[in-house]
Structures are given as structure tokens and as C-alpha cells.
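J.: The structure follows.
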Amino acid sequence: MNKAIYIHGLGGSGNGSSARNVKKLLEGEYEFSASTYNLLNPEQAFSQIQNDVRNADFVVASSLGAFYAVSVNVCTPILLLNPCLEPENTIKNILYPEQRKDFDEEKCHREWLKIKEGWNLIDHESCGSRFAVFSDNDELFSFRDVFKKNFGTFYGTENSCMIHGTHEIAKDEKCLSESLSLFKKYVDVADRIAGNQSAGGFGGFDEFDGFLP
């Protein structure tokens with residue numbers, strides 16, 4: 001059985017409600033696992049997440065965890081939920097008091113920027129395996145434009161979409177299910193587009209009518 005993993009966001013864990021929701025949704029289709037990462041230790045977290053992503057067949061990642069997941073240079077299919085793509089500018093403003101205690105802003109800022117340097121090494125064919133879902137009522141941030149600029153796919157159709165919801169998609173079973181369905185639809189259409197390129201055709205866009213602009 002193929003292996004799926006979940007990568008939590010800031011303040012989450014491998015046995016939190018988000019991870020349980022993802023497991024419930026993928027049960028029977030994948031062998032599922034979820035680890036707990038110290039996301040405010042970028043070097044350590046990225047090293048662990050790189051290893052986990054490279055050993056998985058499918059990845060679901062949220063918020064700050066999605067930043068690390070999308071930065072791994074690999075073709076593994078990755079569903080990104082409201083990815084935090086500018087942690088160097090964002091995280092310090094949303095930390096809880098207990099998180100600030102161990103937060104080394106200068107070190108994290110430096111290491112996040114170093115991780116982002118690797119984005120230039122990821123080609124668009126690999127980016128085709130990444131699909132990002134953004135919420136229209138995200139109360140923390142939205143980096144859809146950043147995603148499009150750095151991870152837009154060559155397939156001829158967008159590998160991101162907007163749904164109705166708030167930041168923590170994985171905590172809402174309905175939003176999570178919708179996100180997975182949109183990802184599967186994207187993969188199906190993108191595969192057919194890639195297959196039709198040699199014939200000069202780019203059919204299949206009608207299936208994206210359910211996406212919000």
C-alpha cells in the first residue's frame with residue numbers, strides 16, 4: 001500500500017485533530033503516518049521533513065509545515081493547505097506568548113531565507129506535482145500570488161485554487177474533503193493536458209468551473 005503523510009502547521013502535532021482528519025479521509029487508500037516537528041527550528045524541521053516527503057507517495061501539508069514541504073526538491077504529489085510562503089515576514093506576528101519564549105527570530109529568519117534559495121532549483125515539471133488550496137477567509141495570511149510566481153505549473157492550467165473557509169482547512173472535515181477532491185481533479189486534468197501537448201491540445205479546462213476566482 002502506498003504511503004501518505006501529514007505535515008502539521010505551527011502549534012500542531014502528529015496526533016492532533018488535523019492529522020486525525022487527514023488520516024480518516026485517506027484510510028484504506030494509503031498507509032498513513034504523521035510526525036511532530038519543531039517548526040521553529042527551521043534547519044532541523046526541514047531536514048526531517050525532507051526525509052519524510054522523499055519516502056512518501058502522497059503528502060498533505062498545512063501552513064508553516066506546507067512551507068517546508070513545498071521546498072523539498074522532489075516530484076512527490078503534495079497537497080498544500082494555506083501554505084505560509086513568507087515565514088520570515090509572518091511568523092513573528094502570529095506567535096502565542098509561550099512560543100515566543102523559544103523563538104530565535106534572527107536565526108529563523110536567516111534559515112528560512114536559506115531554504116527559499118532552493119526554490120530556484122525546483123523546475124516546473126516537479127511543481128506540477130504540487131497543488132495549493134487557499135481560503136477566501138484566511139484570518140492569518142494569503143500567499144497565492146507568491147505560490148503562482150514560484151510554483152506555477154507548466155501544464156497549462158493552474159495548480160492552485162480558492163475555497164470558502166478559514167486558515168485551518170485540515171480541522172474542517174468538509175473543507176479538507178473539498179481540497180482533496182480538487183487536488184484529484186487537478187491531477188486528472190493535468191495528466192490529460194500533459195498527454196495532449198504533443199497533439200497541440202489543451203482540453204479539460206471545463207472541469208475547473210467549480211473553482212472560485
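If you're wondering about the labels, chains in the C-alpha cells are A, B, ... by order shown, residues count from 1 in each chain, ligands from 1 in order shown.
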List every residue of chain A that DSSP, applied to the backbone, labels as helix (DSSP H, G or I), and write the result as a PyMOL selection string.
T.: chain A and resi 17-26+42-54+63-70+87-93+97-100+105-121+124-127+144-151+169-171+173-199+205-208
J.: Find the residue from A:His8, A:Arg192, A:Arg54, A:Lys171 that sits nearest to Tyr37 (chain A); use only C-alpha atoms when measuring.
T.: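 Under the stated criterion, the closest residue is A:His8.
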J.: Run DSSP on the backbone and tell me which residues of chain A come out as strand (DSSP E); list them as a PyMOL selection string.
T.: chain A and resi 3-7+31-34+58-62+78-81+130-135+160-163
J.: So, counting only C-alpha atoms, which residue among A:Gly152, A:Gly16, A:Gly118, A:Pro97 is closest to Val72 (chain A)?
T.: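 Counting only C-alpha atoms, the residue closest to Val72 (chain A) is A:Gly118.
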